[in-house]
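The structure file upload_28.cif is reproduced below (mmCIF, N, CA and C atoms).
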```cif
data_entry
loop_
_atom_site.label_atom_id
_atom_site.label_comp_id
_atom_site.auth_asym_id
_atom_site.auth_seq_id
_atom_site.Cartn_x
_atom_site.Cartn_y
_atom_site.Cartn_z
N MET A 1 -19.62 -3.95 7.54
CA MET A 1 -19.58 -5.32 7.12
C MET A 1 -18.63 -6.11 8.03
N THR A 2 -19.05 -7.28 8.48
CA THR A 2 -18.23 -8.14 9.30
C THR A 2 -17.28 -8.92 8.41
N LEU A 3 -16.01 -8.90 8.79
CA LEU A 3 -15.00 -9.61 8.02
C LEU A 3 -14.89 -11.05 8.51
N THR A 4 -14.66 -11.97 7.59
CA THR A 4 -14.42 -13.36 7.97
C THR A 4 -13.11 -13.42 8.76
N PRO A 5 -12.90 -14.48 9.53
CA PRO A 5 -11.63 -14.61 10.24
C PRO A 5 -10.41 -14.54 9.31
N ALA A 6 -10.47 -15.21 8.17
CA ALA A 6 -9.34 -15.17 7.24
C ALA A 6 -9.11 -13.75 6.72
N ARG A 7 -10.18 -13.06 6.42
CA ARG A 7 -10.07 -11.68 5.91
C ARG A 7 -9.49 -10.75 6.97
N GLN A 8 -9.88 -10.96 8.24
CA GLN A 8 -9.32 -10.16 9.33
C GLN A 8 -7.80 -10.37 9.42
N ARG A 9 -7.39 -11.62 9.35
CA ARG A 9 -5.97 -11.94 9.45
C ARG A 9 -5.18 -11.31 8.29
N ASN A 10 -5.71 -11.44 7.08
CA ASN A 10 -5.02 -10.89 5.92
C ASN A 10 -5.02 -9.36 5.93
N ALA A 11 -6.10 -8.76 6.43
CA ALA A 11 -6.17 -7.30 6.50
C ALA A 11 -5.11 -6.76 7.45
N VAL A 12 -4.97 -7.38 8.61
CA VAL A 12 -3.97 -6.92 9.57
C VAL A 12 -2.56 -7.10 9.00
N SER A 13 -2.30 -8.21 8.37
CA SER A 13 -0.99 -8.46 7.79
C SER A 13 -0.68 -7.47 6.66
N GLY A 14 -1.63 -7.29 5.75
CA GLY A 14 -1.44 -6.33 4.66
C GLY A 14 -1.39 -4.91 5.16
N GLY A 15 -2.20 -4.60 6.17
CA GLY A 15 -2.19 -3.26 6.75
C GLY A 15 -0.88 -2.95 7.44
N MET A 16 -0.33 -3.93 8.12
CA MET A 16 0.97 -3.75 8.75
C MET A 16 2.04 -3.48 7.70
N ALA A 17 1.99 -4.22 6.60
CA ALA A 17 2.94 -3.98 5.51
C ALA A 17 2.78 -2.57 4.96
N LEU A 18 1.54 -2.14 4.75
CA LEU A 18 1.29 -0.80 4.25
C LEU A 18 1.78 0.25 5.25
N GLY A 19 1.51 0.03 6.53
CA GLY A 19 1.97 0.97 7.55
C GLY A 19 3.48 1.11 7.56
N LEU A 20 4.18 0.00 7.39
CA LEU A 20 5.64 0.07 7.34
C LEU A 20 6.11 0.84 6.11
N ILE A 21 5.47 0.61 4.99
CA ILE A 21 5.81 1.38 3.77
C ILE A 21 5.59 2.87 4.02
N LEU A 22 4.49 3.21 4.69
CA LEU A 22 4.22 4.62 5.01
C LEU A 22 5.29 5.21 5.92
N ASN A 23 5.94 4.35 6.70
CA ASN A 23 7.03 4.77 7.58
C ASN A 23 8.40 4.55 6.94
N LYS A 24 8.39 4.39 5.63
CA LYS A 24 9.63 4.26 4.84
C LYS A 24 10.44 3.02 5.19
N ARG A 25 9.72 1.92 5.49
CA ARG A 25 10.37 0.65 5.78
C ARG A 25 9.84 -0.40 4.83
N ALA A 26 10.69 -1.02 4.05
CA ALA A 26 10.26 -2.08 3.13
C ALA A 26 10.81 -3.43 3.54
N SER A 27 11.67 -3.46 4.57
CA SER A 27 12.20 -4.73 5.04
C SER A 27 12.57 -4.61 6.51
N LEU A 28 12.67 -5.78 7.14
CA LEU A 28 13.03 -5.86 8.56
C LEU A 28 13.98 -7.04 8.74
N PRO A 29 14.92 -6.93 9.67
CA PRO A 29 15.74 -8.10 9.98
C PRO A 29 14.86 -9.19 10.58
N HIS A 30 15.12 -10.42 10.23
CA HIS A 30 14.29 -11.55 10.69
C HIS A 30 14.75 -11.96 12.10
N ASN A 31 14.38 -11.14 13.08
CA ASN A 31 14.68 -11.40 14.48
C ASN A 31 13.37 -11.78 15.13
N LYS A 32 13.07 -13.07 15.20
CA LYS A 32 11.77 -13.56 15.61
C LYS A 32 11.30 -13.01 16.95
N VAL A 33 12.12 -13.07 17.96
CA VAL A 33 11.71 -12.62 19.29
C VAL A 33 11.38 -11.13 19.27
N ALA A 34 12.25 -10.34 18.70
CA ALA A 34 12.01 -8.89 18.65
C ALA A 34 10.76 -8.56 17.82
N LEU A 35 10.56 -9.27 16.71
CA LEU A 35 9.37 -9.05 15.89
C LEU A 35 8.11 -9.43 16.64
N ASP A 36 8.13 -10.58 17.30
CA ASP A 36 6.97 -11.02 18.09
C ASP A 36 6.59 -9.99 19.14
N LEU A 37 7.54 -9.64 19.97
CA LEU A 37 7.27 -8.72 21.08
C LEU A 37 6.86 -7.34 20.59
N SER A 38 7.50 -6.87 19.55
CA SER A 38 7.19 -5.54 19.02
C SER A 38 5.78 -5.49 18.43
N PHE A 39 5.40 -6.51 17.68
CA PHE A 39 4.07 -6.52 17.10
C PHE A 39 3.01 -6.64 18.20
N GLU A 40 3.22 -7.58 19.12
CA GLU A 40 2.23 -7.78 20.17
C GLU A 40 2.06 -6.53 21.03
N GLY A 41 3.13 -5.84 21.33
CA GLY A 41 3.04 -4.60 22.10
C GLY A 41 2.33 -3.49 21.35
N ALA A 42 2.67 -3.34 20.07
CA ALA A 42 2.01 -2.32 19.25
C ALA A 42 0.53 -2.63 19.10
N TRP A 43 0.21 -3.90 18.92
CA TRP A 43 -1.18 -4.34 18.77
C TRP A 43 -2.00 -3.96 20.01
N GLU A 44 -1.45 -4.23 21.18
CA GLU A 44 -2.18 -3.97 22.43
C GLU A 44 -2.53 -2.50 22.62
N SER A 45 -1.73 -1.61 22.10
CA SER A 45 -2.00 -0.18 22.28
C SER A 45 -2.72 0.45 21.07
N TRP A 46 -3.04 -0.33 20.06
CA TRP A 46 -3.63 0.18 18.82
C TRP A 46 -5.14 0.33 18.98
N PRO A 47 -5.69 1.50 18.76
CA PRO A 47 -7.13 1.71 18.98
C PRO A 47 -8.06 0.97 18.01
N TYR A 48 -7.57 0.48 16.90
CA TYR A 48 -8.42 -0.20 15.92
C TYR A 48 -8.45 -1.73 16.10
N ARG A 49 -7.76 -2.25 17.08
CA ARG A 49 -7.66 -3.71 17.23
C ARG A 49 -9.02 -4.38 17.43
N SER A 50 -9.99 -3.66 18.00
CA SER A 50 -11.32 -4.26 18.24
C SER A 50 -12.04 -4.60 16.93
N LYS A 51 -11.60 -4.04 15.82
CA LYS A 51 -12.20 -4.34 14.52
C LYS A 51 -11.73 -5.70 13.97
N PHE A 52 -10.75 -6.29 14.65
CA PHE A 52 -10.16 -7.55 14.19
C PHE A 52 -10.14 -8.57 15.34
N PRO A 53 -11.32 -8.97 15.82
CA PRO A 53 -11.36 -9.87 16.99
C PRO A 53 -10.68 -11.21 16.74
N GLN A 54 -10.66 -11.69 15.51
CA GLN A 54 -10.01 -12.98 15.24
C GLN A 54 -8.51 -12.89 15.48
N VAL A 55 -7.90 -11.79 15.09
CA VAL A 55 -6.46 -11.61 15.31
C VAL A 55 -6.19 -11.52 16.81
N ALA A 56 -7.05 -10.82 17.54
CA ALA A 56 -6.89 -10.74 18.99
C ALA A 56 -6.99 -12.13 19.62
N ARG A 57 -7.96 -12.93 19.16
CA ARG A 57 -8.10 -14.31 19.66
C ARG A 57 -6.87 -15.14 19.32
N ASP A 58 -6.40 -15.00 18.08
CA ASP A 58 -5.22 -15.76 17.67
C ASP A 58 -4.04 -15.46 18.59
N LEU A 59 -3.79 -14.18 18.84
CA LEU A 59 -2.67 -13.79 19.69
C LEU A 59 -2.88 -14.30 21.13
N ALA A 60 -4.10 -14.18 21.63
CA ALA A 60 -4.39 -14.66 22.98
C ALA A 60 -4.23 -16.17 23.10
N ASN A 61 -4.45 -16.88 22.00
CA ASN A 61 -4.34 -18.34 21.99
C ASN A 61 -2.95 -18.85 21.61
N GLY A 62 -1.97 -17.94 21.52
CA GLY A 62 -0.60 -18.37 21.33
C GLY A 62 0.01 -18.16 19.96
N THR A 63 -0.74 -17.60 19.02
CA THR A 63 -0.14 -17.29 17.72
C THR A 63 0.96 -16.25 17.93
N ASP A 64 2.12 -16.48 17.36
CA ASP A 64 3.22 -15.53 17.48
C ASP A 64 2.91 -14.24 16.73
N GLY A 65 3.42 -13.13 17.26
CA GLY A 65 3.23 -11.84 16.61
C GLY A 65 3.74 -11.82 15.18
N ILE A 66 4.88 -12.48 14.95
CA ILE A 66 5.45 -12.50 13.59
C ILE A 66 4.51 -13.22 12.62
N VAL A 67 3.81 -14.25 13.09
CA VAL A 67 2.87 -14.97 12.23
C VAL A 67 1.67 -14.07 11.92
N ALA A 68 1.15 -13.40 12.93
CA ALA A 68 0.02 -12.49 12.71
C ALA A 68 0.41 -11.37 11.75
N MET A 69 1.62 -10.88 11.89
CA MET A 69 2.08 -9.75 11.10
C MET A 69 2.36 -10.13 9.65
N THR A 70 2.83 -11.34 9.40
CA THR A 70 3.30 -11.70 8.05
C THR A 70 2.43 -12.75 7.38
N ARG A 71 1.23 -12.94 7.85
CA ARG A 71 0.34 -13.98 7.32
C ARG A 71 0.10 -13.84 5.81
N ALA A 72 -0.07 -12.62 5.33
CA ALA A 72 -0.32 -12.39 3.90
C ALA A 72 1.00 -12.55 3.15
N ASP A 73 1.24 -13.75 2.65
CA ASP A 73 2.46 -13.99 1.91
C ASP A 73 2.14 -14.17 0.42
N GLU A 74 3.13 -14.48 -0.35
CA GLU A 74 2.96 -14.56 -1.81
C GLU A 74 1.94 -15.62 -2.22
N ASP A 75 1.87 -16.70 -1.47
CA ASP A 75 0.97 -17.80 -1.83
C ASP A 75 -0.49 -17.54 -1.46
N LYS A 76 -0.74 -16.62 -0.55
CA LYS A 76 -2.12 -16.33 -0.15
C LYS A 76 -2.79 -15.50 -1.24
N HIS A 77 -3.98 -15.87 -1.58
CA HIS A 77 -4.75 -15.11 -2.58
C HIS A 77 -5.60 -14.10 -1.83
N THR A 78 -5.02 -12.94 -1.58
CA THR A 78 -5.70 -11.89 -0.84
C THR A 78 -6.05 -10.74 -1.78
N ALA A 79 -6.91 -9.87 -1.29
CA ALA A 79 -7.29 -8.69 -2.07
C ALA A 79 -6.21 -7.62 -1.98
N GLY A 80 -5.28 -7.78 -1.05
CA GLY A 80 -4.27 -6.75 -0.81
C GLY A 80 -3.24 -6.63 -1.92
N VAL A 81 -2.65 -5.46 -1.97
CA VAL A 81 -1.62 -5.14 -2.95
C VAL A 81 -0.25 -5.64 -2.46
N LEU A 82 -0.05 -5.62 -1.15
CA LEU A 82 1.25 -5.95 -0.57
C LEU A 82 1.23 -7.32 0.08
N TYR A 83 2.40 -7.93 0.13
CA TYR A 83 2.54 -9.21 0.83
C TYR A 83 3.96 -9.30 1.40
N TRP A 84 4.16 -10.28 2.27
CA TRP A 84 5.43 -10.50 2.94
C TRP A 84 6.21 -11.62 2.27
N LYS A 85 7.52 -11.42 2.23
CA LYS A 85 8.40 -12.40 1.60
C LYS A 85 9.67 -12.54 2.45
N VAL A 86 10.08 -13.78 2.70
CA VAL A 86 11.35 -14.01 3.39
C VAL A 86 12.44 -13.88 2.33
N ASP A 87 13.40 -13.02 2.61
CA ASP A 87 14.47 -12.74 1.66
C ASP A 87 15.80 -12.88 2.41
N GLY A 88 16.30 -14.11 2.49
CA GLY A 88 17.52 -14.36 3.27
C GLY A 88 17.27 -14.07 4.73
N PRO A 89 18.11 -13.26 5.35
CA PRO A 89 17.94 -12.96 6.77
C PRO A 89 16.96 -11.81 7.04
N ALA A 90 16.13 -11.48 6.06
CA ALA A 90 15.21 -10.34 6.21
C ALA A 90 13.80 -10.72 5.80
N LEU A 91 12.85 -9.97 6.32
CA LEU A 91 11.47 -10.01 5.85
C LEU A 91 11.30 -8.79 4.96
N ARG A 92 10.77 -9.02 3.78
CA ARG A 92 10.64 -7.93 2.82
C ARG A 92 9.18 -7.78 2.43
N ILE A 93 8.76 -6.55 2.22
CA ILE A 93 7.42 -6.27 1.74
C ILE A 93 7.49 -6.18 0.22
N ALA A 94 6.65 -6.95 -0.43
CA ALA A 94 6.62 -6.98 -1.90
C ALA A 94 5.23 -6.57 -2.38
N THR A 95 5.13 -6.29 -3.65
CA THR A 95 3.86 -5.88 -4.23
C THR A 95 3.42 -6.87 -5.31
N ARG A 96 2.12 -7.05 -5.42
CA ARG A 96 1.56 -7.92 -6.46
C ARG A 96 1.43 -7.18 -7.79
N ASP A 97 1.60 -5.86 -7.76
CA ASP A 97 1.45 -5.02 -8.95
C ASP A 97 2.79 -4.34 -9.24
N PRO A 98 3.46 -4.70 -10.33
CA PRO A 98 4.78 -4.12 -10.62
C PRO A 98 4.75 -2.61 -10.86
N ASP A 99 3.57 -2.05 -11.15
CA ASP A 99 3.47 -0.61 -11.38
C ASP A 99 3.16 0.18 -10.11
N TRP A 100 2.91 -0.52 -8.99
CA TRP A 100 2.58 0.14 -7.73
C TRP A 100 3.82 0.83 -7.19
N ALA A 101 3.67 2.09 -6.76
CA ALA A 101 4.81 2.85 -6.26
C ALA A 101 4.55 3.34 -4.83
N PRO A 102 5.47 3.07 -3.92
CA PRO A 102 5.26 3.44 -2.52
C PRO A 102 5.29 4.94 -2.25
N ASP A 103 5.75 5.72 -3.21
CA ASP A 103 5.77 7.18 -3.02
C ASP A 103 4.63 7.87 -3.78
N ASN A 104 3.71 7.10 -4.34
CA ASN A 104 2.58 7.66 -5.07
C ASN A 104 1.35 7.66 -4.16
N PRO A 105 0.83 8.84 -3.79
CA PRO A 105 -0.32 8.90 -2.89
C PRO A 105 -1.54 8.13 -3.41
N GLU A 106 -1.74 8.11 -4.71
CA GLU A 106 -2.87 7.36 -5.27
C GLU A 106 -2.68 5.86 -5.08
N ASP A 107 -1.46 5.38 -5.24
CA ASP A 107 -1.18 3.96 -5.04
C ASP A 107 -1.33 3.58 -3.57
N LEU A 108 -0.91 4.46 -2.67
CA LEU A 108 -1.08 4.20 -1.24
C LEU A 108 -2.56 4.13 -0.87
N ALA A 109 -3.34 5.06 -1.38
CA ALA A 109 -4.79 5.06 -1.12
C ALA A 109 -5.43 3.80 -1.70
N TYR A 110 -5.00 3.39 -2.88
CA TYR A 110 -5.52 2.17 -3.50
C TYR A 110 -5.20 0.95 -2.63
N ALA A 111 -3.97 0.88 -2.13
CA ALA A 111 -3.58 -0.24 -1.27
C ALA A 111 -4.45 -0.28 -0.02
N ALA A 112 -4.70 0.87 0.58
CA ALA A 112 -5.55 0.93 1.78
C ALA A 112 -6.97 0.49 1.46
N LYS A 113 -7.49 0.91 0.34
CA LYS A 113 -8.85 0.53 -0.06
C LYS A 113 -8.96 -0.97 -0.28
N ARG A 114 -7.93 -1.58 -0.86
CA ARG A 114 -7.93 -3.03 -1.09
C ARG A 114 -7.92 -3.80 0.23
N ILE A 115 -7.31 -3.22 1.26
CA ILE A 115 -7.31 -3.87 2.58
C ILE A 115 -8.71 -3.82 3.16
N GLY A 116 -9.39 -2.68 3.01
CA GLY A 116 -10.75 -2.53 3.52
C GLY A 116 -10.97 -1.16 4.14
N ASP A 117 -12.19 -0.93 4.55
CA ASP A 117 -12.57 0.37 5.11
C ASP A 117 -12.50 0.42 6.63
N GLU A 118 -12.05 -0.65 7.26
CA GLU A 118 -12.07 -0.72 8.72
C GLU A 118 -11.09 0.24 9.37
N VAL A 119 -9.98 0.55 8.69
CA VAL A 119 -8.93 1.38 9.26
C VAL A 119 -8.47 2.39 8.21
N PRO A 120 -8.38 3.67 8.58
CA PRO A 120 -7.85 4.64 7.62
C PRO A 120 -6.34 4.46 7.44
N LEU A 121 -5.83 5.00 6.39
CA LEU A 121 -4.39 4.93 6.08
C LEU A 121 -3.55 5.35 7.29
N GLU A 122 -3.95 6.41 7.95
CA GLU A 122 -3.20 6.90 9.12
C GLU A 122 -3.19 5.87 10.26
N GLY A 123 -4.26 5.10 10.39
CA GLY A 123 -4.31 4.06 11.42
C GLY A 123 -3.25 3.00 11.20
N TRP A 124 -3.07 2.59 9.95
CA TRP A 124 -2.02 1.61 9.64
C TRP A 124 -0.64 2.21 9.88
N ARG A 125 -0.47 3.48 9.52
CA ARG A 125 0.81 4.14 9.73
C ARG A 125 1.16 4.16 11.22
N LYS A 126 0.17 4.46 12.06
CA LYS A 126 0.42 4.55 13.50
C LYS A 126 0.74 3.18 14.11
N LEU A 127 0.05 2.13 13.66
CA LEU A 127 0.37 0.79 14.15
C LEU A 127 1.83 0.45 13.83
N ALA A 128 2.23 0.71 12.61
CA ALA A 128 3.60 0.40 12.19
C ALA A 128 4.61 1.29 12.91
N LYS A 129 4.29 2.53 13.15
CA LYS A 129 5.20 3.43 13.85
C LYS A 129 5.45 2.94 15.27
N GLU A 130 4.38 2.54 15.95
CA GLU A 130 4.53 1.99 17.31
C GLU A 130 5.37 0.71 17.26
N PHE A 131 5.13 -0.12 16.27
CA PHE A 131 5.91 -1.34 16.09
C PHE A 131 7.40 -1.00 15.91
N ILE A 132 7.70 -0.07 15.01
CA ILE A 132 9.09 0.32 14.74
C ILE A 132 9.75 0.86 16.01
N ASP A 133 9.03 1.72 16.73
CA ASP A 133 9.60 2.28 17.97
C ASP A 133 9.97 1.16 18.94
N ARG A 134 9.11 0.16 19.08
CA ARG A 134 9.38 -0.95 19.99
C ARG A 134 10.52 -1.82 19.44
N PHE A 135 10.51 -2.07 18.13
CA PHE A 135 11.52 -2.93 17.51
C PHE A 135 12.93 -2.33 17.63
N GLU A 136 13.01 -1.02 17.57
CA GLU A 136 14.31 -0.36 17.58
C GLU A 136 14.84 -0.10 19.00
N ARG A 137 14.06 -0.40 20.01
CA ARG A 137 14.53 -0.21 21.40
C ARG A 137 15.54 -1.25 21.78
#
```

This entry written out as structure tokens:
Amino acid sequence: MTLTPARQRNAVSGGMALGLILNKRASLPHNKVALDLSFEGAWESWPYRSKFPQVARDLANGTDGIVAMTRADEDKHTAGVLYWKVDGPALRIATRDPDWAPDNPEDLAYAAKRIGDEVPLEGWRKLAKEFIDRFER
């Protein structure tokens, strides 16, 4: 199934949040330049990026990596379980479901299914791992 441009954007944002949770990260310091460069670098090396051509176009047309990464916020009505929230000097990953647990394999699988079938759970984990490695350099 072809995803709409909005759905592609929200899937990547929610998937990035899920990937970070899988890597035991629920927040990041709000360092715009480092976040931009880290996301854009991780995106370029990610084998699933071709499934999200709108996000690739957005980045090529000047959308900042931080915007692409955190598009799914509390106000967006997305199918995803996770969203991004600015919390003082940090970006925090929050959940729309108070019973969702990041250490529950069933909840993780449910979150991945809500994002869509385009990328397996491990794909999101790898995108976030590459992002973290770049961010921490």

**Study point:** Residue IDs satisfying the PyMOL selection byres ((chain A and resi 27) around 5), as a list in words
**Key:**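 Against this file, the PyMOL selection byres ((chain A and resi 27) around 5) returns the residues Arg25, Ala26, Leu28, Pro29, Leu91, Arg92 and Ile93 of chain A.
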
Review point. Could you write out, as a PyMOL selection string, all the residues of chain A that DSSP marks as helix (DSSP H, G or I)?
Key: chain A and resi 5-22+32-45+49-51+53-60+65-70+105-115+121-135

Point to revise | Within 8 Å of Phe52 in chain A using only N, CA and C atoms, minus same-chain residues under 2 positions, as a ChimeraX atom specification | key: /A:7-9,12,48-50,54-58

Exercise for review: Apply DSSP to the backbone of this structure and, from range 73-108 of chain A, keep only the residues in strand (DSSP E or B); write these as a ChimeraX atom specification.
Suggested key: /A:73,82-87,90-95

With N, CA and C atoms retained, export the selected residues as a PDB file, in the coordinates of the input.
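So part16.pdb came out as:
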```pdb
ATOM      1  N   ASP A  73       1.240 -13.750   2.650  1.00  0.00           N
ATOM      2  CA  ASP A  73       2.460 -13.990   1.910  1.00  0.00           C
ATOM      3  C   ASP A  73       2.140 -14.170   0.420  1.00  0.00           C
ATOM      4  N   LEU A  82      -0.050  -5.620  -1.150  1.00  0.00           N
ATOM      5  CA  LEU A  82       1.250  -5.950  -0.570  1.00  0.00           C
ATOM      6  C   LEU A  82       1.230  -7.320   0.080  1.00  0.00           C
ATOM      7  N   TYR A  83       2.400  -7.930   0.130  1.00  0.00           N
ATOM      8  CA  TYR A  83       2.540  -9.210   0.830  1.00  0.00           C
ATOM      9  C   TYR A  83       3.960  -9.300   1.400  1.00  0.00           C
ATOM     10  N   TRP A  84       4.160 -10.280   2.270  1.00  0.00           N
ATOM     11  CA  TRP A  84       5.430 -10.500   2.940  1.00  0.00           C
ATOM     12  C   TRP A  84       6.210 -11.620   2.270  1.00  0.00           C
ATOM     13  N   LYS A  85       7.520 -11.420   2.230  1.00  0.00           N
ATOM     14  CA  LYS A  85       8.400 -12.400   1.600  1.00  0.00           C
ATOM     15  C   LYS A  85       9.670 -12.540   2.450  1.00  0.00           C
ATOM     16  N   VAL A  86      10.080 -13.780   2.700  1.00  0.00           N
ATOM     17  CA  VAL A  86      11.350 -14.010   3.390  1.00  0.00           C
ATOM     18  C   VAL A  86      12.440 -13.880   2.330  1.00  0.00           C
ATOM     19  N   ASP A  87      13.400 -13.020   2.610  1.00  0.00           N
ATOM     20  CA  ASP A  87      14.470 -12.740   1.660  1.00  0.00           C
ATOM     21  C   ASP A  87      15.800 -12.880   2.410  1.00  0.00           C
ATOM     22  N   ALA A  90      16.130 -11.480   6.060  1.00  0.00           N
ATOM     23  CA  ALA A  90      15.210 -10.340   6.210  1.00  0.00           C
ATOM     24  C   ALA A  90      13.800 -10.720   5.800  1.00  0.00           C
ATOM     25  N   LEU A  91      12.850  -9.970   6.320  1.00  0.00           N
ATOM     26  CA  LEU A  91      11.470 -10.010   5.850  1.00  0.00           C
ATOM     27  C   LEU A  91      11.300  -8.790   4.960  1.00  0.00           C
ATOM     28  N   ARG A  92      10.770  -9.020   3.780  1.00  0.00           N
ATOM     29  CA  ARG A  92      10.640  -7.930   2.820  1.00  0.00           C
ATOM     30  C   ARG A  92       9.180  -7.780   2.430  1.00  0.00           C
ATOM     31  N   ILE A  93       8.760  -6.550   2.220  1.00  0.00           N
ATOM     32  CA  ILE A  93       7.420  -6.270   1.740  1.00  0.00           C
ATOM     33  C   ILE A  93       7.490  -6.180   0.220  1.00  0.00           C
ATOM     34  N   ALA A  94       6.650  -6.950  -0.430  1.00  0.00           N
ATOM     35  CA  ALA A  94       6.620  -6.980  -1.900  1.00  0.00           C
ATOM     36  C   ALA A  94       5.230  -6.570  -2.380  1.00  0.00           C
ATOM     37  N   THR A  95       5.130  -6.290  -3.650  1.00  0.00           N
ATOM     38  CA  THR A  95       3.860  -5.880  -4.230  1.00  0.00           C
ATOM     39  C   THR A  95       3.420  -6.870  -5.310  1.00  0.00           C
TER      40      THR A  95
END
```

**Study point:** Polymer residues at most 7 Å from Ala128 in chain A, all atoms listed in the file, same-chain spacing of 2 or more positions, as number ranges by chain
**Key:** A: 16, 19-20, 23, 123-126, 130-133

Practice item. Please measure the separation of CA of Pro102 in chain A and CA of Phe135 in chain A, giving the value in Å to one decimal. Key: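 Computed distance, CA of Pro102 in chain A to CA of Phe135 in chain A, equals 21.9 Å.
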
Point to revise | Long-range neighbours of Thr70 in chain A as a list in words, 9 Å cut-off, only C-alpha atoms, 6 positions minimum in chain | key: Asn10, Val12, Ser13, Gly14, Met16, Ala17, Tyr83, Trp84, Lys85 and Leu91 of chain A

Exercise for review: Using only C-alpha atoms, find all polymer residues with an atom at most 12 Å away from the point (7.7, -7.3, 21.5); report them as a ChimeraX atom specification.
Suggested key: /A:31-44,64-66,130-137

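If you look at CA of Ile21 in chain A and CA of Gly80 in chain A, they are 13.7 Å away from each other.
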
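Among the candidates A:Ser45, A:Pro105, A:Ala6, A:Val81, the one nearest to Leu127 in chain A when counting only N, CA and C atoms is A:Ser45.
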
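Proximity ranking of A:Glu106, A:Asp87, A:Ala68, A:Thr63 relative to Ala11 in chain A places A:Ala68 first, based on only C-alpha atoms.
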